[in-house]
>>> print(open('start.csv').read())   # CSV, C-alpha atoms and all ligand atoms
chain,number,residue,atom,x,y,z
A,23,MET,CA,2.3,37.3,33.8
A,24,ARG,CA,5.8,37.4,35.2
A,25,ILE,CA,8.4,36.6,32.6
A,26,LEU,CA,12.2,36.6,32.8
A,27,LEU,CA,14.2,36.9,29.5
A,28,THR,CA,17.9,36.1,29.1
A,29,ASN,CA,20.4,34.9,26.5
A,30,ASP,CA,24.0,34.0,26.1
A,31,ASP,CA,24.9,36.5,23.3
A,32,GLY,CA,24.8,39.4,25.8
A,33,ILE,CA,22.5,42.3,26.6
A,34,PHE,CA,23.2,43.9,23.2
A,35,GLY,CA,22.1,40.8,21.3
A,36,GLN,CA,19.7,41.6,18.5
A,37,GLY,CA,17.7,38.4,19.2
A,38,LEU,CA,17.1,39.3,22.8
A,39,ILE,CA,16.1,42.8,21.9
A,40,ALA,CA,13.5,41.4,19.3
A,41,LEU,CA,12.3,38.9,21.9
A,42,ALA,CA,11.8,41.6,24.6
A,43,GLU,CA,9.7,43.6,22.2
A,44,ALA,CA,7.5,40.7,21.3
A,45,ILE,CA,7.1,39.5,24.9
A,46,ALA,CA,6.6,43.0,26.5
A,47,PRO,CA,2.8,43.0,26.2
A,48,PHE,CA,2.6,39.8,28.4
A,49,GLY,CA,2.9,41.9,31.6
A,50,ASP,CA,5.8,42.1,34.0
A,51,VAL,CA,8.7,41.3,31.7
A,52,GLN,CA,12.3,41.8,32.7
A,53,VAL,CA,15.6,41.0,31.2
A,54,VAL,CA,18.8,39.8,33.0
A,55,ALA,CA,21.5,39.0,30.5
A,56,PRO,CA,25.3,38.7,30.4
A,57,GLU,CA,27.1,42.0,29.8
A,58,ARG,CA,29.0,40.4,26.9
A,59,SER,CA,28.8,37.2,24.8
A,60,ARG,CA,29.0,34.0,26.8
A,61,SER,CA,28.2,31.7,23.9
A,62,ALA,CA,29.2,28.0,24.5
A,63,ILE,CA,29.6,28.7,28.3
A,64,GLY,CA,27.2,25.8,28.9
A,65,HIS,CA,25.6,25.6,32.4
A,66,ALA,CA,28.5,27.3,34.3
A,67,ILE,CA,27.6,29.3,37.4
A,68,THR,CA,29.9,31.8,39.2
A,69,LEU,CA,30.9,30.8,42.7
A,70,HIS,CA,34.3,32.5,43.2
A,71,LYS,CA,33.8,36.2,42.5
A,72,PRO,CA,31.1,38.8,43.2
A,73,LEU,CA,28.2,39.1,40.7
A,74,ARG,CA,26.9,42.5,39.7
A,75,MET,CA,23.6,43.3,38.1
A,76,ASP,CA,23.4,46.8,36.7
A,77,MET,CA,20.4,48.6,35.2
A,78,HIS,CA,20.9,48.8,31.4
A,79,TYR,CA,19.8,52.1,29.8
A,80,HIS,CA,20.0,51.1,26.2
A,81,SER,CA,17.2,52.7,24.2
A,82,SER,CA,16.4,49.4,22.4
A,83,TYR,CA,14.6,48.1,25.5
A,84,THR,CA,11.1,49.1,26.4
A,85,VAL,CA,11.2,46.6,29.4
A,86,GLN,CA,13.4,46.8,32.5
A,87,ALA,CA,16.8,45.3,31.6
A,88,TYR,CA,19.9,44.4,33.7
A,89,ALA,CA,23.4,43.4,32.6
A,90,THR,CA,25.4,41.0,34.7
A,91,ASN,CA,29.0,39.9,34.7
A,92,GLY,CA,27.7,36.4,35.3
A,93,THR,CA,26.7,33.6,33.0
A,94,PRO,CA,23.3,32.8,31.5
A,95,ALA,CA,22.6,30.3,34.3
A,96,ASP,CA,23.6,33.0,36.9
A,97,SER,CA,21.2,35.4,35.1
A,98,VAL,CA,18.3,33.1,35.8
A,99,MET,CA,19.3,32.8,39.4
A,100,LEU,CA,19.6,36.6,39.8
A,101,GLY,CA,16.3,37.1,38.0
A,102,TYR,CA,14.4,34.5,40.0
A,103,TYR,CA,15.8,35.2,43.5
A,104,GLU,CA,16.5,38.9,43.4
A,105,LEU,CA,14.3,40.6,40.8
A,106,PHE,CA,11.1,38.5,40.8
A,107,GLU,CA,11.5,37.3,44.4
A,108,GLU,CA,10.9,33.6,43.6
A,109,ASN,CA,7.7,34.2,41.6
A,110,ILE,CA,8.1,33.7,37.8
A,111,ASP,CA,5.6,32.1,35.3
A,112,LEU,CA,8.1,31.6,32.5
A,113,VAL,CA,11.7,32.0,31.5
A,114,ILE,CA,12.6,32.5,27.8
A,115,SER,CA,16.3,32.3,26.7
A,116,GLY,CA,17.4,33.6,23.3
A,117,ILE,CA,16.9,34.3,20.6
A,118,ASN,CA,20.3,32.8,20.0
A,119,ASP,CA,22.5,34.0,17.1
A,120,GLY,CA,22.8,30.5,15.5
A,121,PRO,CA,21.4,27.0,16.0
A,122,ASN,CA,21.4,24.8,19.1
A,123,LEU,CA,20.8,21.3,17.7
A,124,GLY,CA,21.7,17.8,18.8
A,125,GLU,CA,24.7,17.7,21.1
A,126,ASP,CA,25.0,21.5,20.9
A,127,VAL,CA,22.5,21.7,23.7
A,128,THR,CA,25.2,20.6,26.2
A,129,TYR,CA,27.5,23.4,25.2
A,130,SER,CA,24.9,26.1,24.8
A,131,GLY,CA,24.5,28.9,27.3
A,132,THR,CA,21.1,29.6,25.7
A,133,VAL,CA,19.8,26.2,26.5
A,134,SER,CA,21.5,26.0,29.9
A,135,ALA,CA,19.6,29.1,31.0
A,136,ALA,CA,16.4,27.3,30.2
A,137,MET,CA,17.7,24.2,32.0
A,138,GLU,CA,18.5,26.3,35.1
A,139,ALA,CA,14.9,27.5,35.1
A,140,SER,CA,13.7,23.9,34.7
A,141,ILE,CA,15.8,22.8,37.7
A,142,ILE,CA,14.2,25.6,39.8
A,143,GLY,CA,10.8,24.4,38.5
A,144,ILE,CA,9.8,27.2,36.2
A,145,PRO,CA,8.5,26.4,32.6
A,146,SER,CA,11.1,27.6,30.1
A,147,ILE,CA,11.8,28.0,26.4
A,148,ALA,CA,15.2,28.2,24.7
A,149,VAL,CA,15.0,29.8,21.2
A,150,SER,CA,17.7,29.8,18.5
A,151,MET,CA,17.9,30.8,14.9
A,152,GLY,CA,18.5,27.8,12.6
A,153,ASP,CA,21.1,29.8,10.6
A,154,PHE,CA,23.9,32.2,11.5
A,155,LYS,CA,22.7,34.8,9.0
A,156,CYS,CA,19.9,35.7,11.5
A,157,GLU,CA,17.9,37.9,9.1
A,158,ASN,CA,14.5,37.0,10.7
A,159,PHE,CA,14.7,37.6,14.5
A,160,GLU,CA,11.3,39.3,14.3
A,161,GLY,CA,9.7,36.2,12.9
A,162,ALA,CA,11.3,34.0,15.5
A,163,ALA,CA,10.2,36.5,18.3
A,164,GLU,CA,6.6,36.5,17.0
A,165,PHE,CA,6.5,32.7,16.9
A,166,THR,CA,8.0,32.6,20.5
A,167,ALA,CA,5.2,34.9,21.7
A,168,ILE,CA,2.6,32.5,20.2
A,169,LEU,CA,4.4,29.4,21.7
A,170,ALA,CA,4.7,31.1,25.1
A,171,LYS,CA,0.9,31.8,25.2
A,172,PHE,CA,0.2,28.2,24.0
A,173,MET,CA,2.6,26.7,26.5
A,174,LEU,CA,1.1,28.6,29.5
A,175,LYS,CA,-2.4,27.4,28.6
A,176,ASN,CA,-1.4,23.7,27.9
A,177,GLU,CA,0.4,22.5,31.0
A,178,ILE,CA,3.7,20.7,30.2
A,179,PRO,CA,5.3,18.2,32.6
A,180,LYS,CA,7.4,19.6,35.4
A,181,ASN,CA,11.2,19.8,34.7
A,182,THR,CA,10.6,19.9,31.0
A,183,LEU,CA,11.9,22.7,28.8
A,184,LEU,CA,11.3,23.4,25.1
A,185,ASN,CA,14.3,23.8,22.8
A,186,VAL,CA,13.2,25.7,19.7
A,187,ASN,CA,15.2,26.2,16.6
A,188,TYR,CA,13.6,28.6,14.1
A,189,PRO,CA,14.6,28.5,10.4
A,190,ASP,CA,15.8,31.9,9.1
A,191,LEU,CA,12.6,32.7,7.3
A,192,PRO,CA,9.7,35.2,7.8
A,193,LEU,CA,7.0,33.6,9.8
A,194,ASP,CA,4.5,33.6,6.9
A,195,LYS,CA,6.9,31.5,4.9
A,196,ILE,CA,7.0,28.7,7.5
A,197,LYS,CA,5.3,25.5,6.3
A,198,LYS,CA,5.6,23.2,9.3
A,199,VAL,CA,6.2,23.2,13.0
A,200,ARG,CA,7.5,19.8,14.1
A,201,MET,CA,7.9,18.3,17.6
A,202,THR,CA,11.4,16.6,17.4
A,203,ARG,CA,14.0,14.6,19.2
A,204,LEU,CA,17.7,15.6,19.4
A,205,GLY,CA,19.6,14.6,16.3
A,206,HIS,CA,23.3,14.2,15.9
A,207,ARG,CA,25.5,17.0,14.5
A,208,TRP,CA,28.8,16.4,12.8
A,209,TYR,CA,31.5,18.9,12.5
A,210,ILE,CA,34.6,18.5,10.4
A,211,ASP,CA,38.0,20.2,10.8
A,212,ILE,CA,37.2,20.9,14.5
A,213,VAL,CA,40.7,21.8,15.8
A,214,ASN,CA,42.6,24.2,13.7
A,215,LYS,CA,46.4,24.3,14.3
A,216,ARG,CA,48.1,27.6,13.7
A,217,ILE,CA,51.4,29.3,14.3
A,218,ASP,CA,51.7,32.4,16.5
A,219,PRO,CA,54.0,35.4,15.6
A,220,ARG,CA,56.7,33.9,17.9
A,221,GLY,CA,56.6,30.5,16.0
A,222,SER,CA,54.7,28.5,18.7
A,223,GLU,CA,51.7,26.4,17.8
A,224,TYR,CA,48.2,27.3,19.0
A,225,TYR,CA,44.8,25.9,18.4
A,226,TRP,CA,41.4,27.3,17.5
A,227,ILE,CA,38.3,25.2,17.9
A,228,CYS,CA,36.0,26.0,15.0
A,229,GLY,CA,34.4,23.1,13.1
A,230,GLU,CA,32.5,23.2,9.9
A,231,LYS,CA,29.0,21.8,10.2
A,232,GLN,CA,27.8,18.7,8.3
A,233,TYR,CA,24.3,17.7,9.4
A,234,SER,CA,22.7,15.9,6.5
A,235,LYS,CA,22.7,12.3,7.8
A,236,ASN,CA,19.9,12.9,10.2
A,237,GLU,CA,16.5,11.2,10.0
A,238,VAL,CA,13.1,12.9,9.8
A,239,GLY,CA,11.9,13.6,13.3
A,240,THR,CA,15.2,15.0,14.5
A,241,ASP,CA,15.9,18.6,15.2
A,242,CYS,CA,18.8,18.8,12.8
A,243,ARG,CA,16.8,17.4,9.9
A,244,SER,CA,13.8,19.7,10.7
A,245,ILE,CA,16.0,22.8,10.4
A,246,GLU,CA,17.6,21.5,7.2
A,247,ASP,CA,14.0,21.2,5.9
A,248,ASN,CA,13.1,24.8,6.9
A,249,GLU,CA,10.7,23.7,9.6
A,250,ILE,CA,10.4,25.1,13.1
A,251,SER,CA,11.8,22.4,15.4
A,252,ILE,CA,10.5,22.1,19.0
A,253,THR,CA,12.4,19.5,21.2
A,254,PRO,CA,11.1,18.8,24.7
A,255,LEU,CA,14.1,18.3,26.9
A,256,THR,CA,14.4,17.0,30.5
A,257,MET,CA,17.3,17.2,32.8
A,258,ASP,CA,17.4,13.5,33.6
A,259,MET,CA,20.2,12.2,31.4
A,260,SER,CA,20.1,8.7,32.8
A,261,HIS,CA,20.1,6.0,30.2
A,262,THR,CA,17.0,4.4,31.7
A,263,ASP,CA,16.6,1.6,29.0
A,264,GLU,CA,20.2,0.3,29.7
A,265,ILE,CA,20.0,0.2,33.5
A,266,ALA,CA,18.0,-3.1,33.6
A,267,LYS,CA,20.4,-4.7,31.1
A,268,TRP,CA,23.3,-4.0,33.4
A,269,SER,CA,21.7,-5.1,36.6
A,270,ASP,CA,24.4,-7.7,37.3
A,271,TRP,CA,27.3,-5.3,37.0
A,272,GLY,CA,27.0,-4.2,40.6
A,273,ASP,CA,27.5,-7.7,42.0
A,274,LYS,CA,30.2,-8.6,39.5
A,275,LEU,CA,32.2,-5.5,40.3
A,276,LEU,CA,31.8,-6.1,44.0
A,277,ASN,CA,33.2,-9.6,43.6
A,278,LEU,CA,36.2,-8.2,41.7
A,279,CYS,CA,36.8,-5.9,44.6
A,280,GLY,CA,37.1,-9.0,46.9
A,281,GLU,CA,39.6,-10.8,44.7
A,301,MN,MN,25.0,32.4,21.6
>>> encode(input="start.csv", output="structure tokens")
Amino acid sequence: MRILLTNDDGIFGQGLIALAEAIAPFGDVQVVAPERSRSAIGHAITLHKPLRMDMHYHSSYTVQAYATNGTPADSVMLGYYELFEENIDLVISGINDGPNLGEDVTYSGTVSAAMEASIIGIPSIAVSMGDFKCENFEGAAEFTAILAKFMLKNEIPKNTLLNVNYPDLPLDKIKKVRMTRLGHRWYIDIVNKRIDPRGSEYYWICGEKQYSKNEVGTDCRSIEDNEISITPLTMDMSHTDEIAKWSDWGDKLLNLCGE
């Protein structure tokens, strides 16, 4: 089995180290990860500067690991085209230091790495801890290994990735694994205004989370209920249900152009 691991917290991330240990027995497992934290970098790729990929000699890794100055999505490209020469069975991204729920998936470097794999056509999993305390990376890593085996045996649709959020509990304390849809996450006090030492204003984006209005069946609610949440995601963001309702917009707009 040929498996590429990556993350957005960087090559020293405890979650990635725990993941590499749990996935190592699967066979040819290699890590390509950013050399520093690139959290919330989204799906960015690097087009205007050289990318490096250096062997990482940290003793925490028993598998081959490379650090790159690129993003999580770059890491997937480097791993796929350069290291594995276009032959990978699975990409796993994580384990992220904190949740990736609801709209967070659009900001997340962790999820974007899995999306990049999905675009290439490789099955992929993004895994995040449901809490920022992150005391149970080992449990999350153990569960991810179980899920990876299960996923490889049960074919999933092409261009579908699994976004996993794992409550911060030991694996034997988990009562439910729920297949979910994306919820909606609220943050309050998102933009903090402060004053720098020279008296000028500056801003710091750092909201406080408020999730509790979500229904059962959403990823946000599932994590609040201490369940493992698995959300299948696809890259097609088209609002398919709405397209038919707006079928006359094209002609109406064209008429307006002629007026
Ligand atoms: Mn992160």
>>> closest_residue(input="start.csv", among="A:Glu249, A:Glu223, A:Glu160, A:Asp153", to="A:Lys195", atoms="all atoms listed in the file")
A:Glu249
>>> atom_distance(input="start.csv", atom1="atom CA of A:Leu69", atom2="atom CA of A:Ser150")
27.6 Å
>>> atom_distance(input="start.csv", atom1="atom CA of A:Pro189", atom2="atom CA of A:Asp111")
26.7 Å
>>> atom_distance(input="start.csv", atom1="atom CA of A:Ala170", atom2="atom CA of A:Leu100")
21.6 Å
>>> closest_residue(input="start.csv", among="A:Val133, A:Met99, A:Ile144, A:Ile67", to="ligand MN 301 (chain A)", atoms="all atoms listed in the file")
A:Val133
>>> closest_residue(input="start.csv", among="A:Trp208, A:Trp271, A:Phe154, A:Phe48", to="ligand MN 301 (chain A)", atoms="only C-alpha atoms and all ligand atoms")
A:Phe154
>>> residues_near_ligand(input="start.csv", ligand="ligand MN 301 (chain A)", cutoff="6 Å", atoms="only C-alpha atoms and all ligand atoms", output="number ranges by chain")
A: 30-31, 61, 118-119
>>> write_last_selection(input="start.csv", atoms="C-alpha atoms", output="PDB file, in the coordinates of the input")
ATOM      1  CA  ASP A  30      24.000  34.000  26.100  1.00  0.00           C
ATOM      2  CA  ASP A  31      24.900  36.500  23.300  1.00  0.00           C
ATOM      3  CA  SER A  61      28.200  31.700  23.900  1.00  0.00           C
ATOM      4  CA  ASN A 118      20.300  32.800  20.000  1.00  0.00           C
ATOM      5  CA  ASP A 119      22.500  34.000  17.100  1.00  0.00           C
TER       6      ASP A 119
END
>>> residues_near_point(input="start.csv", point="(5.2, 29.5, 31.4)", cutoff="12 Å", atoms="all atoms listed in the file", output="PDB file with C-alpha atoms, in the frame of the given file")
ATOM      1  CA  MET A  23       2.300  37.300  33.800  1.00  0.00           C
ATOM      2  CA  ARG A  24       5.800  37.400  35.200  1.00  0.00           C
ATOM      3  CA  ILE A  25       8.400  36.600  32.600  1.00  0.00           C
ATOM      4  CA  LEU A  26      12.200  36.600  32.800  1.00  0.00           C
ATOM      5  CA  LEU A  27      14.200  36.900  29.500  1.00  0.00           C
ATOM      6  CA  PHE A  48       2.600  39.800  28.400  1.00  0.00           C
ATOM      7  CA  ASN A 109       7.700  34.200  41.600  1.00  0.00           C
ATOM      8  CA  ILE A 110       8.100  33.700  37.800  1.00  0.00           C
ATOM      9  CA  ASP A 111       5.600  32.100  35.300  1.00  0.00           C
ATOM     10  CA  LEU A 112       8.100  31.600  32.500  1.00  0.00           C
ATOM     11  CA  VAL A 113      11.700  32.000  31.500  1.00  0.00           C
ATOM     12  CA  ILE A 114      12.600  32.500  27.800  1.00  0.00           C
ATOM     13  CA  ALA A 136      16.400  27.300  30.200  1.00  0.00           C
ATOM     14  CA  ALA A 139      14.900  27.500  35.100  1.00  0.00           C
ATOM     15  CA  SER A 140      13.700  23.900  34.700  1.00  0.00           C
ATOM     16  CA  GLY A 143      10.800  24.400  38.500  1.00  0.00           C
ATOM     17  CA  ILE A 144       9.800  27.200  36.200  1.00  0.00           C
ATOM     18  CA  PRO A 145       8.500  26.400  32.600  1.00  0.00           C
ATOM     19  CA  SER A 146      11.100  27.600  30.100  1.00  0.00           C
ATOM     20  CA  ILE A 147      11.800  28.000  26.400  1.00  0.00           C
ATOM     21  CA  THR A 166       8.000  32.600  20.500  1.00  0.00           C
ATOM     22  CA  ALA A 167       5.200  34.900  21.700  1.00  0.00           C
ATOM     23  CA  ILE A 168       2.600  32.500  20.200  1.00  0.00           C
ATOM     24  CA  LEU A 169       4.400  29.400  21.700  1.00  0.00           C
ATOM     25  CA  ALA A 170       4.700  31.100  25.100  1.00  0.00           C
ATOM     26  CA  LYS A 171       0.900  31.800  25.200  1.00  0.00           C
ATOM     27  CA  PHE A 172       0.200  28.200  24.000  1.00  0.00           C
ATOM     28  CA  MET A 173       2.600  26.700  26.500  1.00  0.00           C
ATOM     29  CA  LEU A 174       1.100  28.600  29.500  1.00  0.00           C
ATOM     30  CA  LYS A 175      -2.400  27.400  28.600  1.00  0.00           C
ATOM     31  CA  ASN A 176      -1.400  23.700  27.900  1.00  0.00           C
ATOM     32  CA  GLU A 177       0.400  22.500  31.000  1.00  0.00           C
ATOM     33  CA  ILE A 178       3.700  20.700  30.200  1.00  0.00           C
ATOM     34  CA  PRO A 179       5.300  18.200  32.600  1.00  0.00           C
ATOM     35  CA  LYS A 180       7.400  19.600  35.400  1.00  0.00           C
ATOM     36  CA  ASN A 181      11.200  19.800  34.700  1.00  0.00           C
ATOM     37  CA  THR A 182      10.600  19.900  31.000  1.00  0.00           C
ATOM     38  CA  LEU A 183      11.900  22.700  28.800  1.00  0.00           C
ATOM     39  CA  LEU A 184      11.300  23.400  25.100  1.00  0.00           C
TER      40      LEU A 184
END
>>> closest_residue(input="start.csv", among="A:Pro72, A:Gly120, A:Pro94, A:Gly205", to="A:Gly37", atoms="all atoms listed in the file")
A:Gly120
>>> closest_residue(input="start.csv", among="A:Tyr225, A:Tyr102, A:Phe159, A:Tyr88", to="A:Leu38", atoms="all atoms listed in the file")
A:Phe159
>>> residues_around(input="start.csv", residues="A:Ala87", least_positions_apart="6", cutoff="12 Å", atoms="all atoms listed in the file", output="PyMOL selection string")
chain A and resi 26-28+32-34+38-39+42-43+46+50-57+75-81+97+101+105
>>> closest_residue(input="start.csv", among="A:Arg207, A:His65, A:Arg220, A:Arg58", to="A:Asn91", atoms="all atoms listed in the file")
A:Arg58
